[in-house]
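The file structure_19.cif contains mmCIF, all heavy atoms:
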data_final
loop_
_atom_site.label_atom_id
_atom_site.label_comp_id
_atom_site.auth_asym_id
_atom_site.auth_seq_id
_atom_site.Cartn_x
_atom_site.Cartn_y
_atom_site.Cartn_z
N MET A 3 89.78 91.40 97.29
CA MET A 3 88.93 92.49 97.73
C MET A 3 87.52 91.95 97.84
O MET A 3 87.06 91.21 96.98
CB MET A 3 89.00 93.65 96.74
CG MET A 3 88.05 94.74 97.09
SD MET A 3 88.20 96.31 96.18
CE MET A 3 88.62 95.85 94.56
N THR A 4 86.81 92.35 98.89
CA THR A 4 85.42 91.96 99.10
C THR A 4 84.58 93.21 99.28
O THR A 4 84.92 94.07 100.07
CB THR A 4 85.28 91.09 100.36
OG1 THR A 4 86.13 89.98 100.25
CG2 THR A 4 83.85 90.63 100.54
N MET A 5 83.48 93.30 98.52
CA MET A 5 82.55 94.42 98.67
C MET A 5 81.24 93.90 99.21
O MET A 5 80.76 92.86 98.80
CB MET A 5 82.33 95.12 97.33
CG MET A 5 83.54 95.83 96.81
SD MET A 5 83.22 96.75 95.32
CE MET A 5 82.17 98.04 95.91
N ARG A 6 80.68 94.65 100.14
CA ARG A 6 79.37 94.31 100.70
C ARG A 6 78.45 95.50 100.52
O ARG A 6 78.87 96.64 100.68
CB ARG A 6 79.49 93.98 102.18
CG ARG A 6 80.38 92.80 102.45
CD ARG A 6 80.53 92.63 103.94
NE ARG A 6 81.59 91.69 104.21
CZ ARG A 6 81.38 90.44 104.58
NH1 ARG A 6 80.16 90.00 104.75
NH2 ARG A 6 82.39 89.64 104.80
N ARG A 7 77.22 95.21 100.22
CA ARG A 7 76.25 96.29 100.08
C ARG A 7 76.10 96.97 101.42
O ARG A 7 75.91 96.31 102.44
CB ARG A 7 74.92 95.72 99.60
CG ARG A 7 73.93 96.77 99.27
CD ARG A 7 72.74 96.17 98.61
NE ARG A 7 71.91 97.24 98.13
CZ ARG A 7 70.60 97.22 98.17
NH1 ARG A 7 69.97 96.16 98.61
NH2 ARG A 7 69.92 98.24 97.72
N ARG A 8 76.21 98.27 101.43
CA ARG A 8 76.06 99.07 102.65
C ARG A 8 77.09 98.71 103.71
O ARG A 8 76.79 98.65 104.90
CB ARG A 8 74.65 98.95 103.20
CG ARG A 8 73.59 99.38 102.22
CD ARG A 8 72.23 99.16 102.76
NE ARG A 8 72.06 99.84 104.02
CZ ARG A 8 71.31 100.90 104.23
NH1 ARG A 8 70.63 101.40 103.25
NH2 ARG A 8 71.23 101.46 105.41
N GLY A 9 78.30 98.45 103.29
CA GLY A 9 79.35 98.11 104.23
C GLY A 9 80.70 98.51 103.70
O GLY A 9 80.82 99.08 102.62
N PRO A 10 81.75 98.20 104.46
CA PRO A 10 83.10 98.55 104.02
C PRO A 10 83.59 97.64 102.91
O PRO A 10 83.02 96.60 102.64
CB PRO A 10 83.92 98.35 105.29
CG PRO A 10 83.20 97.27 106.02
CD PRO A 10 81.73 97.52 105.75
N ILE A 11 84.67 98.05 102.29
CA ILE A 11 85.37 97.22 101.32
C ILE A 11 86.54 96.57 102.05
O ILE A 11 87.37 97.27 102.63
CB ILE A 11 85.88 98.06 100.14
CG1 ILE A 11 84.73 98.73 99.41
CG2 ILE A 11 86.70 97.20 99.19
CD1 ILE A 11 85.17 99.72 98.36
N LEU A 12 86.58 95.24 102.07
CA LEU A 12 87.66 94.53 102.72
C LEU A 12 88.76 94.26 101.71
O LEU A 12 88.50 93.71 100.64
CB LEU A 12 87.15 93.21 103.31
CG LEU A 12 86.04 93.34 104.34
CD1 LEU A 12 85.61 91.96 104.80
CD2 LEU A 12 86.49 94.18 105.52
N VAL A 13 89.99 94.66 102.07
CA VAL A 13 91.12 94.55 101.16
C VAL A 13 92.26 93.85 101.89
O VAL A 13 92.57 94.20 103.04
CB VAL A 13 91.58 95.94 100.69
CG1 VAL A 13 92.74 95.83 99.72
CG2 VAL A 13 90.44 96.72 100.07
N ASP A 14 92.86 92.87 101.23
CA ASP A 14 94.04 92.22 101.80
C ASP A 14 95.21 93.19 101.71
O ASP A 14 95.42 93.82 100.67
CB ASP A 14 94.36 90.93 101.06
CG ASP A 14 93.30 89.86 101.29
OD1 ASP A 14 92.62 89.91 102.33
OD2 ASP A 14 93.15 88.98 100.44
N GLY A 15 95.95 93.33 102.79
CA GLY A 15 97.01 94.31 102.88
C GLY A 15 98.37 93.72 102.59
O GLY A 15 98.48 92.54 102.28
N PRO A 16 99.39 94.54 102.70
CA PRO A 16 99.34 95.95 103.07
C PRO A 16 98.67 96.80 101.99
O PRO A 16 98.60 96.41 100.84
CB PRO A 16 100.80 96.35 103.25
CG PRO A 16 101.58 95.32 102.53
CD PRO A 16 100.75 94.08 102.45
N VAL A 17 98.15 97.96 102.43
CA VAL A 17 97.35 98.81 101.54
C VAL A 17 97.86 100.24 101.60
O VAL A 17 98.20 100.75 102.66
CB VAL A 17 95.86 98.79 101.99
CG1 VAL A 17 95.04 99.75 101.16
CG2 VAL A 17 95.29 97.40 101.92
N GLU A 18 97.89 100.87 100.44
CA GLU A 18 98.24 102.29 100.34
C GLU A 18 97.09 102.96 99.60
O GLU A 18 96.68 102.51 98.53
CB GLU A 18 99.54 102.44 99.57
CG GLU A 18 100.14 103.81 99.68
CD GLU A 18 101.54 103.84 99.12
OE1 GLU A 18 102.47 103.41 99.82
OE2 GLU A 18 101.68 104.26 97.97
N VAL A 19 96.54 104.04 100.19
CA VAL A 19 95.38 104.73 99.63
C VAL A 19 95.73 106.19 99.40
O VAL A 19 96.26 106.86 100.30
CB VAL A 19 94.17 104.65 100.59
CG1 VAL A 19 92.99 105.43 100.04
CG2 VAL A 19 93.79 103.20 100.85
N GLU A 20 95.45 106.69 98.21
CA GLU A 20 95.64 108.11 97.92
C GLU A 20 94.30 108.81 98.14
O GLU A 20 93.29 108.45 97.52
CB GLU A 20 96.11 108.33 96.49
CG GLU A 20 96.40 109.79 96.20
CD GLU A 20 96.96 110.02 94.82
OE1 GLU A 20 97.64 109.12 94.30
OE2 GLU A 20 96.70 111.10 94.27
N LEU A 21 94.28 109.81 99.01
CA LEU A 21 93.07 110.56 99.32
C LEU A 21 92.84 111.65 98.29
O LEU A 21 93.71 111.96 97.48
CB LEU A 21 93.18 111.15 100.73
CG LEU A 21 93.41 110.14 101.84
CD1 LEU A 21 93.59 110.86 103.18
CD2 LEU A 21 92.27 109.14 101.92
N GLU A 22 91.65 112.26 98.34
CA GLU A 22 91.27 113.29 97.37
C GLU A 22 92.23 114.46 97.35
O GLU A 22 92.45 115.08 96.31
CB GLU A 22 89.86 113.78 97.65
CG GLU A 22 88.80 112.74 97.39
CD GLU A 22 87.42 113.21 97.83
OE1 GLU A 22 87.29 114.31 98.39
OE2 GLU A 22 86.47 112.45 97.61
N ASP A 23 92.81 114.79 98.52
CA ASP A 23 93.71 115.94 98.58
C ASP A 23 95.14 115.60 98.16
O ASP A 23 96.04 116.42 98.22
CB ASP A 23 93.71 116.55 99.98
CG ASP A 23 94.29 115.63 101.05
OD1 ASP A 23 94.71 114.50 100.71
OD2 ASP A 23 94.29 116.03 102.22
N GLY A 24 95.35 114.35 97.73
CA GLY A 24 96.66 113.93 97.24
C GLY A 24 97.55 113.27 98.27
O GLY A 24 98.60 112.73 97.92
N THR A 25 97.17 113.34 99.55
CA THR A 25 97.98 112.67 100.57
C THR A 25 97.78 111.16 100.48
O THR A 25 96.76 110.68 99.99
CB THR A 25 97.61 113.14 101.99
OG1 THR A 25 96.23 112.85 102.24
CG2 THR A 25 97.86 114.62 102.18
N THR A 26 98.78 110.45 100.94
CA THR A 26 98.75 108.99 100.90
C THR A 26 98.78 108.45 102.32
O THR A 26 99.56 108.93 103.15
CB THR A 26 99.95 108.45 100.12
OG1 THR A 26 99.91 108.99 98.79
CG2 THR A 26 99.94 106.95 100.03
N VAL A 27 97.91 107.48 102.61
CA VAL A 27 97.90 106.81 103.90
C VAL A 27 98.17 105.34 103.66
O VAL A 27 97.83 104.80 102.61
CB VAL A 27 96.57 107.02 104.67
CG1 VAL A 27 96.41 108.47 105.07
CG2 VAL A 27 95.39 106.58 103.84
N ARG A 28 98.81 104.70 104.65
CA ARG A 28 99.23 103.31 104.47
C ARG A 28 98.87 102.49 105.70
O ARG A 28 98.93 102.98 106.82
CB ARG A 28 100.73 103.26 104.24
CG ARG A 28 101.27 101.88 104.06
CD ARG A 28 102.75 101.91 103.71
NE ARG A 28 103.31 100.58 103.71
CZ ARG A 28 103.18 99.69 102.73
NH1 ARG A 28 102.51 100.00 101.65
NH2 ARG A 28 103.74 98.50 102.83
N SER A 29 98.48 101.26 105.48
CA SER A 29 98.25 100.30 106.55
C SER A 29 99.03 99.03 106.23
O SER A 29 98.97 98.52 105.11
CB SER A 29 96.76 99.96 106.68
OG SER A 29 96.58 98.94 107.64
N ASP A 30 99.76 98.54 107.21
CA ASP A 30 100.53 97.31 107.04
C ASP A 30 99.78 96.08 107.54
O ASP A 30 100.34 94.99 107.57
CB ASP A 30 101.87 97.42 107.78
CG ASP A 30 102.78 98.42 107.11
OD1 ASP A 30 102.75 98.50 105.87
OD2 ASP A 30 103.51 99.13 107.82
N ARG A 31 98.53 96.24 107.92
CA ARG A 31 97.74 95.12 108.43
C ARG A 31 97.48 94.10 107.32
O ARG A 31 97.47 94.44 106.15
CB ARG A 31 96.42 95.63 109.00
CG ARG A 31 96.67 96.60 110.16
CD ARG A 31 95.40 97.01 110.77
NE ARG A 31 94.99 95.92 111.66
CZ ARG A 31 93.96 95.98 112.45
NH1 ARG A 31 93.20 97.04 112.47
NH2 ARG A 31 93.65 94.97 113.23
N PHE A 32 97.22 92.85 107.70
CA PHE A 32 97.01 91.81 106.70
C PHE A 32 95.64 91.94 106.02
O PHE A 32 95.45 91.44 104.92
CB PHE A 32 97.18 90.42 107.30
CG PHE A 32 96.10 90.02 108.27
CD1 PHE A 32 95.01 89.31 107.83
CD2 PHE A 32 96.19 90.35 109.61
CE1 PHE A 32 94.01 88.94 108.71
CE2 PHE A 32 95.20 89.98 110.50
CZ PHE A 32 94.11 89.28 110.05
N ARG A 33 94.70 92.63 106.62
CA ARG A 33 93.41 92.93 106.00
C ARG A 33 92.88 94.23 106.59
O ARG A 33 92.95 94.45 107.78
CB ARG A 33 92.39 91.82 106.26
CG ARG A 33 91.03 92.15 105.62
CD ARG A 33 90.08 91.01 105.61
NE ARG A 33 90.56 90.05 104.63
CZ ARG A 33 90.28 88.76 104.67
NH1 ARG A 33 89.54 88.28 105.62
NH2 ARG A 33 90.73 87.95 103.74
N VAL A 34 92.37 95.10 105.73
CA VAL A 34 91.83 96.38 106.19
C VAL A 34 90.42 96.55 105.64
O VAL A 34 90.05 95.96 104.62
CB VAL A 34 92.70 97.58 105.76
CG1 VAL A 34 94.05 97.54 106.41
CG2 VAL A 34 92.83 97.66 104.27
N ALA A 35 89.63 97.36 106.34
CA ALA A 35 88.28 97.70 105.90
C ALA A 35 88.28 99.17 105.49
O ALA A 35 88.58 100.05 106.30
CB ALA A 35 87.29 97.47 107.04
N LEU A 36 88.00 99.42 104.23
CA LEU A 36 87.93 100.79 103.71
C LEU A 36 86.50 101.30 103.86
O LEU A 36 85.55 100.63 103.44
CB LEU A 36 88.35 100.83 102.25
CG LEU A 36 89.80 100.44 101.96
CD1 LEU A 36 90.02 100.39 100.46
CD2 LEU A 36 90.75 101.40 102.63
N CYS A 37 86.35 102.47 104.44
CA CYS A 37 85.04 103.06 104.70
C CYS A 37 84.38 103.51 103.39
O CYS A 37 85.02 104.18 102.58
CB CYS A 37 85.20 104.25 105.64
SG CYS A 37 83.68 105.09 106.02
N THR A 38 83.13 103.16 103.19
CA THR A 38 82.39 103.61 102.01
C THR A 38 81.35 104.67 102.35
O THR A 38 80.84 105.34 101.46
CB THR A 38 81.70 102.44 101.30
OG1 THR A 38 80.79 101.81 102.20
CG2 THR A 38 82.71 101.43 100.78
N CYS A 39 81.03 104.84 103.65
CA CYS A 39 80.01 105.82 104.03
C CYS A 39 80.61 107.19 104.36
O CYS A 39 79.89 108.16 104.51
CB CYS A 39 79.20 105.31 105.21
SG CYS A 39 80.07 105.25 106.78
N ARG A 40 81.95 107.25 104.49
CA ARG A 40 82.69 108.48 104.78
C ARG A 40 82.37 109.07 106.15
O ARG A 40 82.60 110.24 106.39
CB ARG A 40 82.48 109.52 103.69
CG ARG A 40 82.92 109.02 102.32
CD ARG A 40 82.79 110.08 101.27
NE ARG A 40 83.73 111.16 101.48
CZ ARG A 40 84.93 111.24 100.93
NH1 ARG A 40 85.33 110.30 100.13
NH2 ARG A 40 85.71 112.25 101.18
N ARG A 41 81.82 108.27 107.06
CA ARG A 41 81.50 108.76 108.41
C ARG A 41 82.44 108.23 109.47
O ARG A 41 82.25 108.45 110.64
CB ARG A 41 80.06 108.41 108.76
CG ARG A 41 79.06 109.18 107.92
CD ARG A 41 77.67 108.86 108.32
NE ARG A 41 77.25 107.67 107.59
CZ ARG A 41 76.10 107.07 107.73
NH1 ARG A 41 75.23 107.51 108.59
NH2 ARG A 41 75.80 106.00 107.02
N SER A 42 83.48 107.55 109.06
CA SER A 42 84.44 106.98 109.99
C SER A 42 85.30 108.08 110.61
O SER A 42 85.69 109.03 109.92
CB SER A 42 85.34 105.98 109.25
OG SER A 42 86.38 105.55 110.09
N ARG A 43 85.61 107.95 111.87
CA ARG A 43 86.51 108.91 112.52
C ARG A 43 87.94 108.73 112.02
O ARG A 43 88.75 109.62 112.18
CB ARG A 43 86.48 108.71 114.04
CG ARG A 43 85.17 109.09 114.65
CD ARG A 43 85.21 108.93 116.17
NE ARG A 43 83.89 109.05 116.71
CZ ARG A 43 83.17 108.04 117.18
NH1 ARG A 43 83.67 106.83 117.21
NH2 ARG A 43 81.95 108.24 117.63
N ARG A 44 88.24 107.56 111.46
CA ARG A 44 89.59 107.25 110.98
C ARG A 44 89.62 107.12 109.45
O ARG A 44 90.42 106.38 108.93
CB ARG A 44 90.06 105.94 111.61
CG ARG A 44 90.14 106.03 113.12
CD ARG A 44 90.73 104.78 113.73
NE ARG A 44 92.08 104.60 113.23
CZ ARG A 44 92.56 103.45 112.78
NH1 ARG A 44 91.82 102.37 112.79
NH2 ARG A 44 93.79 103.36 112.34
N TYR A 45 88.73 107.81 108.75
CA TYR A 45 88.63 107.71 107.30
C TYR A 45 90.01 107.79 106.66
O TYR A 45 90.80 108.63 107.07
CB TYR A 45 87.73 108.83 106.76
CG TYR A 45 87.48 108.71 105.29
CD1 TYR A 45 86.53 107.85 104.81
CD2 TYR A 45 88.24 109.43 104.39
CE1 TYR A 45 86.32 107.71 103.44
CE2 TYR A 45 88.03 109.30 103.02
CZ TYR A 45 87.07 108.44 102.57
OH TYR A 45 86.87 108.31 101.24
N PRO A 46 90.38 106.95 105.73
CA PRO A 46 89.56 106.06 104.93
C PRO A 46 89.35 104.68 105.54
O PRO A 46 88.71 103.82 104.94
CB PRO A 46 90.35 105.94 103.63
CG PRO A 46 91.77 105.98 104.07
CD PRO A 46 91.77 106.98 105.21
N TRP A 47 89.90 104.44 106.74
CA TRP A 47 89.74 103.14 107.39
C TRP A 47 88.40 103.10 108.11
O TRP A 47 88.02 104.06 108.79
CB TRP A 47 90.88 102.88 108.38
CG TRP A 47 92.22 103.28 107.87
CD1 TRP A 47 93.08 104.17 108.45
CD2 TRP A 47 92.88 102.83 106.68
NE1 TRP A 47 94.21 104.30 107.69
CE2 TRP A 47 94.11 103.49 106.60
CE3 TRP A 47 92.54 101.94 105.68
CZ2 TRP A 47 95.01 103.28 105.56
CZ3 TRP A 47 93.44 101.75 104.64
CH2 TRP A 47 94.65 102.40 104.59
N CYS A 48 87.67 102.02 107.99
CA CYS A 48 86.38 101.86 108.64
C CYS A 48 86.61 101.52 110.11
O CYS A 48 87.38 100.61 110.43
CB CYS A 48 85.57 100.75 107.97
SG CYS A 48 83.94 100.53 108.71
N ASP A 49 85.94 102.24 111.00
CA ASP A 49 86.04 101.95 112.43
C ASP A 49 84.67 101.70 113.05
O ASP A 49 84.52 101.70 114.26
CB ASP A 49 86.76 103.07 113.17
CG ASP A 49 86.00 104.39 113.14
OD1 ASP A 49 84.88 104.44 112.60
OD2 ASP A 49 86.52 105.38 113.67
N THR A 50 83.66 101.51 112.25
CA THR A 50 82.25 101.24 112.62
C THR A 50 81.60 102.39 113.37
O THR A 50 80.53 102.24 113.91
CB THR A 50 82.08 99.93 113.42
OG1 THR A 50 82.68 100.06 114.71
CG2 THR A 50 82.67 98.74 112.67
N SER A 51 82.21 103.58 113.40
CA SER A 51 81.59 104.71 114.08
C SER A 51 80.31 105.14 113.37
O SER A 51 79.48 105.84 113.97
CB SER A 51 82.57 105.88 114.19
OG SER A 51 82.97 106.33 112.93
N HIS A 52 80.11 104.72 112.10
CA HIS A 52 78.89 105.05 111.39
C HIS A 52 77.66 104.47 112.08
O HIS A 52 76.56 105.00 111.93
CB HIS A 52 78.95 104.52 109.95
CG HIS A 52 79.00 103.03 109.89
ND1 HIS A 52 80.17 102.33 110.01
CD2 HIS A 52 78.02 102.11 109.76
CE1 HIS A 52 79.90 101.03 109.93
NE2 HIS A 52 78.62 100.88 109.79
N ARG A 53 77.82 103.42 112.83
CA ARG A 53 76.69 102.80 113.52
C ARG A 53 76.04 103.74 114.52
O ARG A 53 74.86 103.66 114.75
CB ARG A 53 77.14 101.53 114.23
CG ARG A 53 77.54 100.45 113.27
CD ARG A 53 77.97 99.22 113.99
NE ARG A 53 78.47 98.24 113.04
CZ ARG A 53 79.13 97.17 113.37
NH1 ARG A 53 79.37 96.91 114.64
NH2 ARG A 53 79.55 96.33 112.45
N GLU A 54 76.81 104.64 115.10
CA GLU A 54 76.29 105.62 116.06
C GLU A 54 75.54 106.74 115.38
O GLU A 54 74.80 107.47 115.99
CB GLU A 54 77.43 106.20 116.88
CG GLU A 54 78.19 105.17 117.68
CD GLU A 54 79.43 105.75 118.32
OE1 GLU A 54 79.62 106.99 118.25
OE2 GLU A 54 80.21 104.98 118.88
N ARG A 55 75.74 106.92 114.08
CA ARG A 55 75.19 108.08 113.36
C ARG A 55 74.19 107.68 112.28
O ARG A 55 74.11 108.30 111.23
CB ARG A 55 76.34 108.84 112.70
CG ARG A 55 77.39 109.27 113.64
CD ARG A 55 78.42 110.06 112.90
NE ARG A 55 79.72 109.83 113.50
CZ ARG A 55 80.84 110.25 112.99
NH1 ARG A 55 80.84 110.87 111.84
NH2 ARG A 55 81.98 110.03 113.59
N VAL A 56 73.43 106.67 112.50
CA VAL A 56 72.49 106.18 111.47
C VAL A 56 71.42 107.16 111.21
O VAL A 56 71.06 108.11 111.36
CB VAL A 56 71.87 104.84 111.88
CG1 VAL A 56 70.78 104.44 110.92
CG2 VAL A 56 72.93 103.81 111.99
#

As structure tokens - that is how I would like this structure written.
Amino acid sequence: MTMRRRGPILVDGPVEVELEDGTTVRSDRFRVALCTCRRSRRYPWCDTSHRERV
């Protein structure tokens, strides 16, 4: 796992994430970026859409 200040958390996959509402989302990719700003259109996956909303 890699953390960057003011950026996503990079995690080697596959990854399973439990959201606040209890649902689980999964990615089978070899590396995923988890959104830390919560502004991603594909939350919890980072899609860099936060750049448009600075």

Taking the file as I've supplied it (selection: the PyMOL selection byres ((chain A and resi 19) around 6)), which residues are included? Please answer as a PyMOL selection string.
chain A and resi 17-18+20-21+25-28+36+46-47

Dump all heavy atoms for the selected residues as a CSV table (one decimal), in the frame of the given file?
chain,number,residue,atom,x,y,z
A,17,VAL,N,98.2,98.0,102.4
A,17,VAL,CA,97.4,98.8,101.5
A,17,VAL,C,97.9,100.2,101.6
A,17,VAL,O,98.2,100.8,102.7
A,17,VAL,CB,95.9,98.8,102.0
A,17,VAL,CG1,95.0,99.8,101.2
A,17,VAL,CG2,95.3,97.4,101.9
A,18,GLU,N,97.9,100.9,100.4
A,18,GLU,CA,98.2,102.3,100.3
A,18,GLU,C,97.1,103.0,99.6
A,18,GLU,O,96.7,102.5,98.5
A,18,GLU,CB,99.5,102.4,99.6
A,18,GLU,CG,100.1,103.8,99.7
A,18,GLU,CD,101.5,103.8,99.1
A,18,GLU,OE1,102.5,103.4,99.8
A,18,GLU,OE2,101.7,104.3,98.0
A,20,GLU,N,95.4,106.7,98.2
A,20,GLU,CA,95.6,108.1,97.9
A,20,GLU,C,94.3,108.8,98.1
A,20,GLU,O,93.3,108.4,97.5
A,20,GLU,CB,96.1,108.3,96.5
A,20,GLU,CG,96.4,109.8,96.2
A,20,GLU,CD,97.0,110.0,94.8
A,20,GLU,OE1,97.6,109.1,94.3
A,20,GLU,OE2,96.7,111.1,94.3
A,21,LEU,N,94.3,109.8,99.0
A,21,LEU,CA,93.1,110.6,99.3
A,21,LEU,C,92.8,111.6,98.3
A,21,LEU,O,93.7,112.0,97.5
A,21,LEU,CB,93.2,111.2,100.7
A,21,LEU,CG,93.4,110.1,101.8
A,21,LEU,CD1,93.6,110.9,103.2
A,21,LEU,CD2,92.3,109.1,101.9
A,25,THR,N,97.2,113.3,99.6
A,25,THR,CA,98.0,112.7,100.6
A,25,THR,C,97.8,111.2,100.5
A,25,THR,O,96.8,110.7,100.0
A,25,THR,CB,97.6,113.1,102.0
A,25,THR,OG1,96.2,112.8,102.2
A,25,THR,CG2,97.9,114.6,102.2
A,26,THR,N,98.8,110.4,100.9
A,26,THR,CA,98.8,109.0,100.9
A,26,THR,C,98.8,108.4,102.3
A,26,THR,O,99.6,108.9,103.2
A,26,THR,CB,100.0,108.4,100.1
A,26,THR,OG1,99.9,109.0,98.8
A,26,THR,CG2,99.9,107.0,100.0
A,27,VAL,N,97.9,107.5,102.6
A,27,VAL,CA,97.9,106.8,103.9
A,27,VAL,C,98.2,105.3,103.7
A,27,VAL,O,97.8,104.8,102.6
A,27,VAL,CB,96.6,107.0,104.7
A,27,VAL,CG1,96.4,108.5,105.1
A,27,VAL,CG2,95.4,106.6,103.8
A,28,ARG,N,98.8,104.7,104.6
A,28,ARG,CA,99.2,103.3,104.5
A,28,ARG,C,98.9,102.5,105.7
A,28,ARG,O,98.9,103.0,106.8
A,28,ARG,CB,100.7,103.3,104.2
A,28,ARG,CG,101.3,101.9,104.1
A,28,ARG,CD,102.8,101.9,103.7
A,28,ARG,NE,103.3,100.6,103.7
A,28,ARG,CZ,103.2,99.7,102.7
A,28,ARG,NH1,102.5,100.0,101.6
A,28,ARG,NH2,103.7,98.5,102.8
A,36,LEU,N,88.0,99.4,104.2
A,36,LEU,CA,87.9,100.8,103.7
A,36,LEU,C,86.5,101.3,103.9
A,36,LEU,O,85.6,100.6,103.4
A,36,LEU,CB,88.4,100.8,102.2
A,36,LEU,CG,89.8,100.4,102.0
A,36,LEU,CD1,90.0,100.4,100.5
A,36,LEU,CD2,90.8,101.4,102.6
A,46,PRO,N,90.4,107.0,105.7
A,46,PRO,CA,89.6,106.1,104.9
A,46,PRO,C,89.4,104.7,105.5
A,46,PRO,O,88.7,103.8,104.9
A,46,PRO,CB,90.4,105.9,103.6
A,46,PRO,CG,91.8,106.0,104.1
A,46,PRO,CD,91.8,107.0,105.2
A,47,TRP,N,89.9,104.4,106.7
A,47,TRP,CA,89.7,103.1,107.4
A,47,TRP,C,88.4,103.1,108.1
A,47,TRP,O,88.0,104.1,108.8
A,47,TRP,CB,90.9,102.9,108.4
A,47,TRP,CG,92.2,103.3,107.9
A,47,TRP,CD1,93.1,104.2,108.4
A,47,TRP,CD2,92.9,102.8,106.7
A,47,TRP,NE1,94.2,104.3,107.7
A,47,TRP,CE2,94.1,103.5,106.6
A,47,TRP,CE3,92.5,101.9,105.7
A,47,TRP,CZ2,95.0,103.3,105.6
A,47,TRP,CZ3,93.4,101.8,104.6
A,47,TRP,CH2,94.6,102.4,104.6

Ref. answer, residues at most 6 Å from (97.8, 94.8, 102.3) with all atoms listed in the file, as a list in words
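Final list of nearby residues, as requested, is Val13, Asp14, Gly15, Pro16, Val17, Ser29, Asp30, Arg31, Phe32 and Arg33 of chain A.
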
Ranking A:Asp23, A:Val34, A:Ile11, A:Cys39 by minimum distance to Ser51 in chain A and counting only C-alpha atoms, which one comes first?
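That would be A:Cys39, the residue with the smallest distance to Ser51 in chain A.
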
Length of the atom N of Arg8 in chain A to atom O of Gly24 in chain A vector [Å]
26.9 Å

Identify all residues of chain A in strand (DSSP E or B) (DSSP on the backbone) and supply them as a list in words.
Thr4, Met5, Ile11, Leu12, Val13, Asp14, Val17, Glu18, Val19, Glu20, Thr26, Val27, Arg28, Ser29, Arg33, Val34, Ala35, Leu36 and Trp47 of chain A

Which residues in chain A does DSSP call helix (DSSP H, G or I)? List them as an mmCIF file with all heavy atoms, in the frame of the given file.
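Written file, selection12.cif:
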data_model
loop_
_atom_site.group_PDB
_atom_site.id
_atom_site.type_symbol
_atom_site.label_atom_id
_atom_site.label_comp_id
_atom_site.auth_asym_id
_atom_site.auth_seq_id
_atom_site.Cartn_x
_atom_site.Cartn_y
_atom_site.Cartn_z
ATOM 1 N N SER A 51 82.210 103.580 113.400
ATOM 2 C CA SER A 51 81.590 104.710 114.080
ATOM 3 C C SER A 51 80.310 105.140 113.370
ATOM 4 O O SER A 51 79.480 105.840 113.970
ATOM 5 C CB SER A 51 82.570 105.880 114.190
ATOM 6 O OG SER A 51 82.970 106.330 112.930
ATOM 7 N N HIS A 52 80.110 104.720 112.100
ATOM 8 C CA HIS A 52 78.890 105.050 111.390
ATOM 9 C C HIS A 52 77.660 104.470 112.080
ATOM 10 O O HIS A 52 76.560 105.000 111.930
ATOM 11 C CB HIS A 52 78.950 104.520 109.950
ATOM 12 C CG HIS A 52 79.000 103.030 109.890
ATOM 13 N ND1 HIS A 52 80.170 102.330 110.010
ATOM 14 C CD2 HIS A 52 78.020 102.110 109.760
ATOM 15 C CE1 HIS A 52 79.900 101.030 109.930
ATOM 16 N NE2 HIS A 52 78.620 100.880 109.790
ATOM 17 N N ARG A 53 77.820 103.420 112.830
ATOM 18 C CA ARG A 53 76.690 102.800 113.520
ATOM 19 C C ARG A 53 76.040 103.740 114.520
ATOM 20 O O ARG A 53 74.860 103.660 114.750
ATOM 21 C CB ARG A 53 77.140 101.530 114.230
ATOM 22 C CG ARG A 53 77.540 100.450 113.270
ATOM 23 C CD ARG A 53 77.970 99.220 113.990
ATOM 24 N NE ARG A 53 78.470 98.240 113.040
ATOM 25 C CZ ARG A 53 79.130 97.170 113.370
ATOM 26 N NH1 ARG A 53 79.370 96.910 114.640
ATOM 27 N NH2 ARG A 53 79.550 96.330 112.450
ATOM 28 N N GLU A 54 76.810 104.640 115.100
ATOM 29 C CA GLU A 54 76.290 105.620 116.060
ATOM 30 C C GLU A 54 75.540 106.740 115.380
ATOM 31 O O GLU A 54 74.800 107.470 115.990
ATOM 32 C CB GLU A 54 77.430 106.200 116.880
ATOM 33 C CG GLU A 54 78.190 105.170 117.680
ATOM 34 C CD GLU A 54 79.430 105.750 118.320
ATOM 35 O OE1 GLU A 54 79.620 106.990 118.250
ATOM 36 O OE2 GLU A 54 80.210 104.980 118.880
ATOM 37 N N ARG A 55 75.740 106.920 114.080
ATOM 38 C CA ARG A 55 75.190 108.080 113.360
ATOM 39 C C ARG A 55 74.190 107.680 112.280
ATOM 40 O O ARG A 55 74.110 108.300 111.230
ATOM 41 C CB ARG A 55 76.340 108.840 112.700
ATOM 42 C CG ARG A 55 77.390 109.270 113.640
ATOM 43 C CD ARG A 55 78.420 110.060 112.900
ATOM 44 N NE ARG A 55 79.720 109.830 113.500
ATOM 45 C CZ ARG A 55 80.840 110.250 112.990
ATOM 46 N NH1 ARG A 55 80.840 110.870 111.840
ATOM 47 N NH2 ARG A 55 81.980 110.030 113.590
#

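Between atom C of Cys37 in chain A and CA of Gly9 in chain A there is a distance of 7.4 Å.
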
For the atom pair CE2 of Tyr45 in chain A and CB of Glu22 in chain A, what is the interatomic distance in Å to one decimal place?
7.2 Å

Box along x, y and z, 8 Å on every side, all listed atoms of range 27-37 of chain A inside: centre and edge lengths in Å to one decimal, as lines of an AutoDock Vina configuration file.
center_x = 93.7
center_y = 98.2
center_z = 106.8
size_x = 36.1
size_y = 36.5
size_z = 28.8
